[in-house]
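File shown: my_file01.cif (mmCIF, C-alpha atoms and all ligand atoms).
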```cif
data_run
loop_
_atom_site.label_atom_id
_atom_site.label_comp_id
_atom_site.auth_asym_id
_atom_site.auth_seq_id
_atom_site.Cartn_x
_atom_site.Cartn_y
_atom_site.Cartn_z
CA MET J 19 1.54 -33.49 25.08
CA SER J 20 2.32 -31.93 21.73
CA GLN J 21 3.24 -35.27 20.22
CA ALA J 22 -0.08 -36.71 21.35
CA TYR J 23 -1.79 -34.30 18.99
CA PHE J 24 0.52 -35.29 16.19
CA ASN J 25 0.42 -38.64 14.64
CA ALA J 26 -0.37 -39.90 11.18
CA SER J 27 -4.05 -40.25 11.99
CA LEU J 28 -4.48 -36.58 12.82
CA PRO J 29 -5.06 -33.90 10.17
CA LYS J 30 -2.16 -31.98 8.72
CA PRO J 31 -1.98 -28.20 9.09
CA LEU J 32 -4.29 -26.53 6.58
CA ILE J 33 -2.30 -23.94 4.66
CA VAL J 34 -3.86 -21.26 2.49
CA VAL J 35 -1.69 -20.70 -0.58
CA SER J 36 -1.74 -18.20 -3.45
CA ALA J 37 -3.13 -20.31 -6.26
CA CYS J 38 -0.64 -19.05 -8.84
CA LEU J 39 2.20 -20.60 -6.79
CA THR J 40 0.63 -24.04 -7.26
CA GLY J 41 0.72 -23.66 -11.04
CA ALA J 42 -2.84 -22.38 -11.51
CA ARG J 43 -2.93 -19.92 -14.40
CA VAL J 44 -4.83 -17.19 -12.57
CA ARG J 45 -2.49 -14.20 -12.85
CA TYR J 46 -3.62 -10.99 -14.52
CA ASP J 47 -1.70 -12.01 -17.65
CA GLY J 48 -3.14 -15.52 -17.67
CA ASP J 49 0.11 -17.08 -16.48
CA ASP J 50 1.15 -18.83 -13.25
CA LYS J 51 4.06 -18.51 -10.81
CA TYR J 52 4.61 -22.20 -10.10
CA GLN J 53 6.99 -22.77 -7.17
CA PRO J 54 8.61 -26.22 -7.02
CA ALA J 55 9.68 -25.47 -3.41
CA LEU J 56 6.04 -25.62 -2.42
CA TYR J 57 6.06 -29.33 -3.00
CA ALA J 58 9.78 -30.09 -2.55
CA ASN J 59 9.94 -28.55 0.94
CA LEU J 60 6.45 -29.23 2.25
CA ASP J 61 5.37 -32.38 0.46
CA GLY J 62 3.13 -34.53 2.63
CA GLN J 63 3.46 -32.29 5.69
CA VAL J 64 0.57 -29.91 5.10
CA THR J 65 -2.75 -29.73 3.29
CA LEU J 66 -2.72 -26.90 0.76
CA SER J 67 -5.83 -24.85 0.06
CA PRO J 68 -5.15 -22.72 -3.05
CA LEU J 69 -7.05 -19.51 -3.63
CA CYS J 70 -6.66 -16.38 -5.73
CA PRO J 71 -8.14 -13.11 -4.41
CA GLU J 72 -8.24 -11.61 -7.91
CA GLN J 73 -9.47 -14.52 -10.01
CA HIS J 74 -13.10 -13.35 -9.77
CA LEU J 75 -12.03 -10.18 -11.60
CA GLY J 76 -11.31 -12.26 -14.70
CA VAL J 77 -8.34 -14.00 -16.31
CA PRO J 78 -6.70 -12.24 -18.01
CA ARG J 79 -7.56 -8.89 -16.40
CA PRO J 80 -6.04 -5.41 -16.20
CA PRO J 81 -3.21 -5.32 -13.62
CA VAL J 82 -3.88 -3.36 -10.43
CA GLN J 83 -1.64 -1.60 -7.94
CA LEU J 84 -1.98 -0.09 -4.48
CA VAL J 85 -2.36 3.69 -4.44
CA ILE J 86 -2.79 6.17 -1.60
CA THR J 87 -5.59 8.54 -2.53
CA ALA J 88 -7.74 11.11 -0.74
CA ASP J 89 -10.00 8.14 0.10
CA GLY J 90 -7.15 6.13 1.61
CA LEU J 91 -5.45 3.03 0.25
CA ARG J 92 -7.06 1.80 -2.96
CA ALA J 93 -6.42 -0.99 -5.46
CA GLN J 94 -6.58 0.73 -8.82
CA GLY J 95 -5.77 -0.19 -12.41
CA VAL J 96 -2.12 0.35 -13.36
CA ASP J 97 -3.14 1.83 -16.70
CA ASN J 98 -6.54 3.19 -15.68
CA ALA J 99 -6.99 4.74 -12.24
CA ALA J 100 -10.75 4.80 -12.82
CA LEU J 101 -10.69 1.01 -12.40
CA ASP J 102 -11.03 0.57 -8.64
CA VAL J 103 -11.37 -2.99 -7.33
CA THR J 104 -10.82 -2.23 -3.65
CA GLU J 105 -14.33 -3.12 -2.45
CA SER J 106 -14.40 -6.24 -4.60
CA LEU J 107 -11.13 -7.48 -3.09
CA GLN J 108 -12.24 -6.58 0.43
CA HIS J 109 -15.44 -8.56 -0.12
CA PHE J 110 -13.39 -11.54 -1.25
CA CYS J 111 -11.35 -11.32 1.95
CA THR J 112 -14.37 -11.32 4.25
CA MET J 113 -15.81 -14.32 2.38
CA GLN J 114 -12.71 -16.33 3.31
CA THR J 115 -13.31 -16.27 7.06
CA PRO J 116 -14.74 -19.84 7.23
CA LEU J 117 -11.55 -21.07 5.57
CA LEU J 118 -9.23 -18.85 7.62
CA ASP J 119 -10.94 -19.99 10.83
CA ARG J 120 -9.59 -23.48 10.10
CA ALA J 121 -6.25 -22.45 8.58
CA CYS J 122 -2.88 -22.87 10.30
CA GLY J 123 -0.83 -20.60 8.03
CA ALA J 124 -0.55 -18.90 4.65
CA ILE J 125 1.97 -19.09 1.80
CA LEU J 126 1.54 -16.01 -0.34
CA LYS J 127 2.97 -14.57 -3.54
CA ALA J 128 5.42 -11.74 -2.94
CA ARG J 129 4.84 -8.22 -4.33
CA SER J 130 1.22 -8.81 -5.34
CA PRO J 131 -1.31 -6.05 -4.55
CA SER J 132 -3.43 -8.79 -2.97
CA CYS J 133 -0.97 -11.36 -1.65
CA GLY J 134 2.38 -9.65 -0.93
CA ILE J 135 3.69 -9.77 2.65
CA GLY J 136 5.37 -6.42 3.29
CA SER J 137 6.78 -6.52 -0.25
CA THR J 138 4.00 -4.89 -2.25
CA PRO J 139 4.81 -1.42 -3.60
CA TRP J 140 2.31 1.30 -2.85
CA HIS J 141 2.16 4.44 -4.90
CA GLN J 142 1.55 8.10 -4.32
CA GLN J 143 1.47 10.79 -6.98
CA GLY J 144 2.69 8.39 -9.63
CA ALA J 145 5.73 7.05 -7.77
CA ILE J 146 6.48 4.14 -5.43
CA ALA J 147 6.27 5.56 -1.91
CA GLY J 148 6.95 2.37 0.06
CA TYR J 149 6.19 -1.30 0.55
CA ARG J 150 3.44 -2.96 2.57
CA ASP J 151 1.12 -5.96 2.69
CA GLY J 152 -1.26 -6.63 -0.15
CA LEU J 153 -4.95 -6.44 0.75
CA PHE J 154 -5.49 -10.15 1.41
CA ALA J 155 -2.22 -10.52 3.34
CA ALA J 156 -3.19 -7.47 5.42
CA PHE J 157 -6.64 -8.94 6.11
CA ILE J 158 -5.05 -12.14 7.42
CA HIS J 159 -2.66 -10.20 9.61
CA GLN J 160 -5.41 -7.97 11.00
CA HIS J 161 -7.99 -10.67 11.74
CA TYR J 162 -5.81 -13.77 12.23
CA PRO J 163 -2.54 -12.40 13.66
CA TRP J 164 -1.56 -15.84 14.99
CA LEU J 165 -1.34 -17.37 11.52
CA PRO J 166 2.25 -17.62 10.25
CA ARG J 167 2.69 -16.09 6.80
CA ILE J 168 5.53 -16.75 4.39
CA ASP J 169 6.15 -15.90 0.75
CA GLU J 170 7.62 -18.02 -2.01
CA ALA J 171 11.11 -16.53 -1.67
CA GLN J 172 11.19 -17.36 2.06
CA LEU J 173 9.90 -20.83 1.30
CA ASP J 174 13.17 -21.53 -0.52
CA ASP J 175 15.04 -20.91 2.74
CA LEU J 176 14.93 -24.24 4.59
CA ALA J 177 15.39 -22.59 8.01
CA MET J 178 12.50 -20.17 7.41
CA CYS J 179 10.42 -22.97 5.94
CA GLY J 180 11.07 -25.06 9.05
CA GLN J 181 10.04 -22.19 11.35
CA PHE J 182 6.88 -21.71 9.33
CA LEU J 183 6.00 -25.40 9.62
CA HIS J 184 6.70 -25.39 13.36
CA ARG J 185 4.37 -22.43 13.90
CA ALA J 186 1.67 -23.93 11.69
CA ARG J 187 1.81 -27.18 13.67
CA LEU J 188 1.46 -25.24 16.92
CA VAL J 189 -1.67 -23.58 15.55
CA LEU J 190 -3.04 -27.00 14.63
CA ASP J 191 -2.11 -28.35 18.07
CA ALA J 192 -3.96 -25.48 19.73
CA GLN J 193 -7.03 -25.95 17.51
CA LEU J 194 -7.14 -29.66 18.35
CA ALA J 195 -6.62 -29.01 22.06
CA TRP J 196 -9.45 -26.48 22.01
CA GLN J 197 -11.76 -28.95 20.22
CA GLN J 198 -10.96 -31.58 22.87
CA GLY J 199 -11.44 -29.22 25.82
CA LEU J 200 -7.72 -29.43 26.61
CA LEU J 201 -6.80 -25.78 26.18
CA ASP J 202 -5.57 -25.41 29.77
CA ALA J 203 -3.26 -28.40 29.39
CA PHE J 204 -2.04 -27.07 26.06
CA ARG J 205 -1.34 -23.66 27.58
CA GLN J 206 0.66 -25.13 30.45
CA HIS J 207 2.63 -27.44 28.19
CA HIS J 208 3.58 -24.73 25.71
CA ALA J 209 4.01 -21.81 28.13
CA GLY J 210 6.64 -19.41 26.81
CA GLU J 211 7.37 -21.52 23.75
CA ALA J 212 8.90 -19.64 20.83
CA GLY J 213 6.62 -19.51 17.83
CA LEU J 214 3.38 -19.69 19.81
CA ASP J 215 1.59 -16.40 19.23
CA PRO J 216 -0.20 -15.24 22.43
CA SER J 217 -3.03 -13.91 20.25
CA LEU J 218 -3.90 -17.51 19.30
CA LEU J 219 -4.52 -18.53 22.91
CA ALA J 220 -6.46 -15.32 23.53
CA HIS J 221 -8.59 -16.08 20.48
CA LEU J 222 -9.30 -19.67 21.56
CA GLU J 223 -10.07 -18.56 25.11
CA ARG J 224 -12.58 -16.06 23.71
CA LYS J 225 -14.16 -18.85 21.67
CA GLU J 226 -14.27 -21.05 24.76
CA ARG J 227 -16.14 -18.35 26.69
CA THR J 228 -18.48 -17.63 23.77
CA ASP J 229 -19.34 -21.31 23.35
CA ASP J 230 -20.07 -21.82 27.03
S1 LIG Y 1 -3.92 -12.39 -6.59
FE1 LIG Y 1 -2.47 -13.66 -5.46
S2 LIG Y 1 -3.01 -15.78 -6.05
FE2 LIG Y 1 -3.98 -14.43 -7.54
S3 LIG Y 1 -2.51 -14.33 -9.23
FE3 LIG Y 1 -2.11 -12.57 -7.89
S4 LIG Y 1 -0.50 -13.29 -6.48
FE4 LIG Y 1 -1.39 -15.10 -7.45
#
```
For the structure just supplied, provide its representation as structure tokens.
Ligand code: SF4
Amino acid sequence: MSQAYFNASLPKPLIVVSACLTGARVRYDGDDKYQPALYANLDGQVTLSPLCPEQHLGVPRPPVQLVITADGLRAQGVDNAALDVTESLQHFCTMQTPLLDRACGAILKARSPSCGIGSTPWHQQGAIAGYRDGLFAAFIHQHYPWLPRIDEAQLDDLAMCGQFLHRARLVLDAQLAWQQGLLDAFRQHHAGEAGLDPSLLAHLERKERTDD
């Protein structure tokens, strides 16, 4: 059945990507982080949807970092702790739900306070205390746990890139099956398949019940 969902006439997996990786000059310093692997390894296989969680704060803009404070995890200015953009970034995240509802995966910039996947330093009392997700990457993981996430370093690894694509295609397959009322058939066909996150089926089943 999976192949039935996949042919040239069907949409490609929609992939959210950190805009700076596509060559957009949206970083705090006005530069980009263009990644040739984005196109060399994925060309023609996905539809990229670039976005930058921090662009609305201005380009260029003061750099921010993640800090644990008495009020919890905050995104504060590196040079000025009085600059706190946490709420602004959280608002950006919630505004992306229509896009994330349709997305099949995310390619995100490592180490960014917004985009990093487990690679973003967080600080306490002036020193790096550990590494975690950036705020946007964490939002995706919390609200869309079935979406595969990969950063630009992992994208260079063809095996990891292949696994990412496989998982993104499964998400697309499931979305299409759900739209066609074929979720039961999809579930039976893919039962126990590696790369299929159970939370995706649970999510689609919830939607099925809600839409009844
Ligand atoms: S917030 Fe994300 S997309 Fe924007 S410049 Fe930083 S790493 Fe790139």
With ligand LIG 1 (chain Y) as the partner and 8 Å as the cut-off, tabulate the residues of chain J that qualify, each row holding the nearest pair of atoms and their distance in Å to one decimal, using only C-alpha atoms and all ligand atoms, sorted by chain and rising number, as a tab-separated table.
```
residue	atom	partner	partner_atom	distance
J:Val35	CA	Y:LIG1	S2	7.5
J:Ser36	CA	Y:LIG1	S2	3.8
J:Ala37	CA	Y:LIG1	S2	4.5
J:Cys38	CA	Y:LIG1	FE4	4.3
J:Leu39	CA	Y:LIG1	FE4	6.6
J:Arg43	CA	Y:LIG1	S3	7.6
J:Val44	CA	Y:LIG1	S3	5.0
J:Arg45	CA	Y:LIG1	S3	3.6
J:Tyr46	CA	Y:LIG1	S3	6.4
J:Asp50	CA	Y:LIG1	S3	7.1
J:Lys51	CA	Y:LIG1	FE4	7.3
J:Pro68	CA	Y:LIG1	S2	7.9
J:Leu69	CA	Y:LIG1	S2	6.0
J:Cys70	CA	Y:LIG1	S2	3.7
J:Pro71	CA	Y:LIG1	S1	4.8
J:Glu72	CA	Y:LIG1	S1	4.6
J:Gln73	CA	Y:LIG1	FE2	6.0
J:Leu126	CA	Y:LIG1	FE1	6.9
J:Lys127	CA	Y:LIG1	S4	4.7
J:Ala128	CA	Y:LIG1	S4	7.1
J:Arg129	CA	Y:LIG1	S4	7.7
J:Ser130	CA	Y:LIG1	S4	4.9
J:Pro131	CA	Y:LIG1	S1	7.2
J:Ser132	CA	Y:LIG1	S1	5.1
J:Cys133	CA	Y:LIG1	FE1	4.7
J:Gly134	CA	Y:LIG1	S4	7.2
```
When distances are computed from only C-alpha atoms, which of J:Thr104, J:Leu214, J:Trp164, J:Glu170 shows the smallest separation from Thr40 of chain J?
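Once distances to Thr40 of chain J are computed over only C-alpha atoms, the minimum belongs to J:Glu170.
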Report, in Å with one decimal, the straight-line distance from atom CA of Thr228 of chain J to atom CA of His159 of chain J.
22.5 Å
Go ahead and compute the interatomic distance for atom CA of Phe182 of chain J and atom CA of Val34 of chain J, in Å to one decimal.
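Those two atoms sit 12.7 Å apart.
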Hey, what's within 12 Å of Thr87 of chain J if we count all atoms listed in the file and toss same-chain stuff fewer than 6 positions away? As a list in words, please?
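Here the answer would be Ala93, Gln94, Ala99, Asp102, Trp140, His141, Gln142, Gln143 and Gly144 of chain J.
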A straight line from atom CA of Leu188 of chain J to atom CA of Gly213 of chain J spans 7.8 Å
Written record: segment 97-128 of chain J, N, CA and C atoms, as a PDB file, in the first residue's frame:
```pdb
ATOM      1  N   ASP J  97      24.663  39.881  25.649  1.00  0.00           N
ATOM      2  CA  ASP J  97      25.371  41.016  26.254  1.00  0.00           C
ATOM      3  C   ASP J  97      24.502  41.825  27.193  1.00  0.00           C
ATOM      4  N   ASN J  98      23.204  41.532  27.188  1.00  0.00           N
ATOM      5  CA  ASN J  98      22.273  42.335  27.998  1.00  0.00           C
ATOM      6  C   ASN J  98      21.134  41.438  28.474  1.00  0.00           C
ATOM      7  N   ALA J  99      21.248  40.973  29.719  1.00  0.00           N
ATOM      8  CA  ALA J  99      20.253  40.031  30.244  1.00  0.00           C
ATOM      9  C   ALA J  99      18.877  40.669  30.374  1.00  0.00           C
ATOM     10  N   ALA J 100      18.829  42.013  30.334  1.00  0.00           N
ATOM     11  CA  ALA J 100      17.524  42.682  30.422  1.00  0.00           C
ATOM     12  C   ALA J 100      16.717  42.480  29.136  1.00  0.00           C
ATOM     13  N   LEU J 101      17.410  42.117  28.057  1.00  0.00           N
ATOM     14  CA  LEU J 101      16.706  41.807  26.798  1.00  0.00           C
ATOM     15  C   LEU J 101      16.177  40.383  26.908  1.00  0.00           C
ATOM     16  N   ASP J 102      14.875  40.234  27.015  1.00  0.00           N
ATOM     17  CA  ASP J 102      14.255  38.914  27.166  1.00  0.00           C
ATOM     18  C   ASP J 102      13.238  38.720  26.049  1.00  0.00           C
ATOM     19  N   VAL J 103      13.517  37.780  25.150  1.00  0.00           N
ATOM     20  CA  VAL J 103      12.656  37.591  23.972  1.00  0.00           C
ATOM     21  C   VAL J 103      11.881  36.271  24.066  1.00  0.00           C
ATOM     22  N   THR J 104      11.812  35.713  25.268  1.00  0.00           N
ATOM     23  CA  THR J 104      11.178  34.403  25.434  1.00  0.00           C
ATOM     24  C   THR J 104       9.739  34.394  24.929  1.00  0.00           C
ATOM     25  N   GLU J 105       8.939  35.343  25.428  1.00  0.00           N
ATOM     26  CA  GLU J 105       7.516  35.349  25.030  1.00  0.00           C
ATOM     27  C   GLU J 105       7.367  35.558  23.528  1.00  0.00           C
ATOM     28  N   SER J 106       8.196  36.424  22.980  1.00  0.00           N
ATOM     29  CA  SER J 106       8.120  36.707  21.550  1.00  0.00           C
ATOM     30  C   SER J 106       8.411  35.444  20.737  1.00  0.00           C
ATOM     31  N   LEU J 107       9.413  34.684  21.149  1.00  0.00           N
ATOM     32  CA  LEU J 107       9.742  33.442  20.438  1.00  0.00           C
ATOM     33  C   LEU J 107       8.646  32.390  20.638  1.00  0.00           C
ATOM     34  N   GLN J 108       8.101  32.336  21.852  1.00  0.00           N
ATOM     35  CA  GLN J 108       7.024  31.369  22.104  1.00  0.00           C
ATOM     36  C   GLN J 108       5.790  31.700  21.259  1.00  0.00           C
ATOM     37  N   HIS J 109       5.526  32.990  21.104  1.00  0.00           N
ATOM     38  CA  HIS J 109       4.394  33.402  20.264  1.00  0.00           C
ATOM     39  C   HIS J 109       4.642  32.973  18.813  1.00  0.00           C
ATOM     40  N   PHE J 110       5.859  33.177  18.352  1.00  0.00           N
ATOM     41  CA  PHE J 110       6.188  32.732  16.990  1.00  0.00           C
ATOM     42  C   PHE J 110       5.891  31.243  16.838  1.00  0.00           C
ATOM     43  N   CYS J 111       6.300  30.464  17.815  1.00  0.00           N
ATOM     44  CA  CYS J 111       6.105  29.004  17.733  1.00  0.00           C
ATOM     45  C   CYS J 111       4.620  28.660  17.588  1.00  0.00           C
ATOM     46  N   THR J 112       3.795  29.245  18.436  1.00  0.00           N
ATOM     47  CA  THR J 112       2.368  28.891  18.387  1.00  0.00           C
ATOM     48  C   THR J 112       1.745  29.318  17.062  1.00  0.00           C
ATOM     49  N   MET J 113       2.275  30.384  16.459  1.00  0.00           N
ATOM     50  CA  MET J 113       1.732  30.842  15.170  1.00  0.00           C
ATOM     51  C   MET J 113       2.073  29.890  14.019  1.00  0.00           C
ATOM     52  N   GLN J 114       2.995  28.948  14.272  1.00  0.00           N
ATOM     53  CA  GLN J 114       3.395  28.032  13.200  1.00  0.00           C
ATOM     54  C   GLN J 114       2.559  26.753  13.154  1.00  0.00           C
ATOM     55  N   THR J 115       1.565  26.640  14.029  1.00  0.00           N
ATOM     56  CA  THR J 115       0.834  25.365  14.067  1.00  0.00           C
ATOM     57  C   THR J 115       0.137  25.022  12.740  1.00  0.00           C
ATOM     58  N   PRO J 116      -0.432  25.986  11.995  1.00  0.00           N
ATOM     59  CA  PRO J 116      -1.021  25.581  10.703  1.00  0.00           C
ATOM     60  C   PRO J 116       0.007  24.950   9.765  1.00  0.00           C
ATOM     61  N   LEU J 117       1.230  25.491   9.798  1.00  0.00           N
ATOM     62  CA  LEU J 117       2.289  24.920   8.960  1.00  0.00           C
ATOM     63  C   LEU J 117       2.720  23.551   9.505  1.00  0.00           C
ATOM     64  N   LEU J 118       2.938  23.471  10.814  1.00  0.00           N
ATOM     65  CA  LEU J 118       3.414  22.215  11.401  1.00  0.00           C
ATOM     66  C   LEU J 118       2.366  21.105  11.284  1.00  0.00           C
ATOM     67  N   ASP J 119       1.088  21.481  11.246  1.00  0.00           N
ATOM     68  CA  ASP J 119       0.041  20.467  11.057  1.00  0.00           C
ATOM     69  C   ASP J 119       0.216  19.722   9.724  1.00  0.00           C
ATOM     70  N   ARG J 120       0.798  20.424   8.738  1.00  0.00           N
ATOM     71  CA  ARG J 120       0.957  19.817   7.408  1.00  0.00           C
ATOM     72  C   ARG J 120       2.359  19.263   7.193  1.00  0.00           C
ATOM     73  N   ALA J 121       3.287  19.606   8.099  1.00  0.00           N
ATOM     74  CA  ALA J 121       4.694  19.253   7.896  1.00  0.00           C
ATOM     75  C   ALA J 121       4.940  17.758   8.110  1.00  0.00           C
ATOM     76  N   CYS J 122       6.010  17.279   7.482  1.00  0.00           N
ATOM     77  CA  CYS J 122       6.410  15.868   7.627  1.00  0.00           C
ATOM     78  C   CYS J 122       7.769  15.744   8.302  1.00  0.00           C
ATOM     79  N   GLY J 123       8.423  16.857   8.610  1.00  0.00           N
ATOM     80  CA  GLY J 123       9.723  16.810   9.257  1.00  0.00           C
ATOM     81  C   GLY J 123      10.314  18.198   9.349  1.00  0.00           C
ATOM     82  N   ALA J 124      11.460  18.291  10.032  1.00  0.00           N
ATOM     83  CA  ALA J 124      12.115  19.590  10.205  1.00  0.00           C
ATOM     84  C   ALA J 124      13.624  19.428  10.101  1.00  0.00           C
ATOM     85  N   ILE J 125      14.253  20.339   9.364  1.00  0.00           N
ATOM     86  CA  ILE J 125      15.720  20.409   9.276  1.00  0.00           C
ATOM     87  C   ILE J 125      16.118  21.722   9.931  1.00  0.00           C
ATOM     88  N   LEU J 126      16.870  21.624  11.027  1.00  0.00           N
ATOM     89  CA  LEU J 126      17.082  22.788  11.876  1.00  0.00           C
ATOM     90  C   LEU J 126      18.564  23.038  12.105  1.00  0.00           C
ATOM     91  N   LYS J 127      18.878  24.301  12.343  1.00  0.00           N
ATOM     92  CA  LYS J 127      20.272  24.725  12.535  1.00  0.00           C
ATOM     93  C   LYS J 127      20.743  24.357  13.945  1.00  0.00           C
ATOM     94  N   ALA J 128      21.863  23.636  13.988  1.00  0.00           N
ATOM     95  CA  ALA J 128      22.409  23.199  15.277  1.00  0.00           C
ATOM     96  C   ALA J 128      22.837  24.396  16.131  1.00  0.00           C
TER      97      ALA J 128
END
```
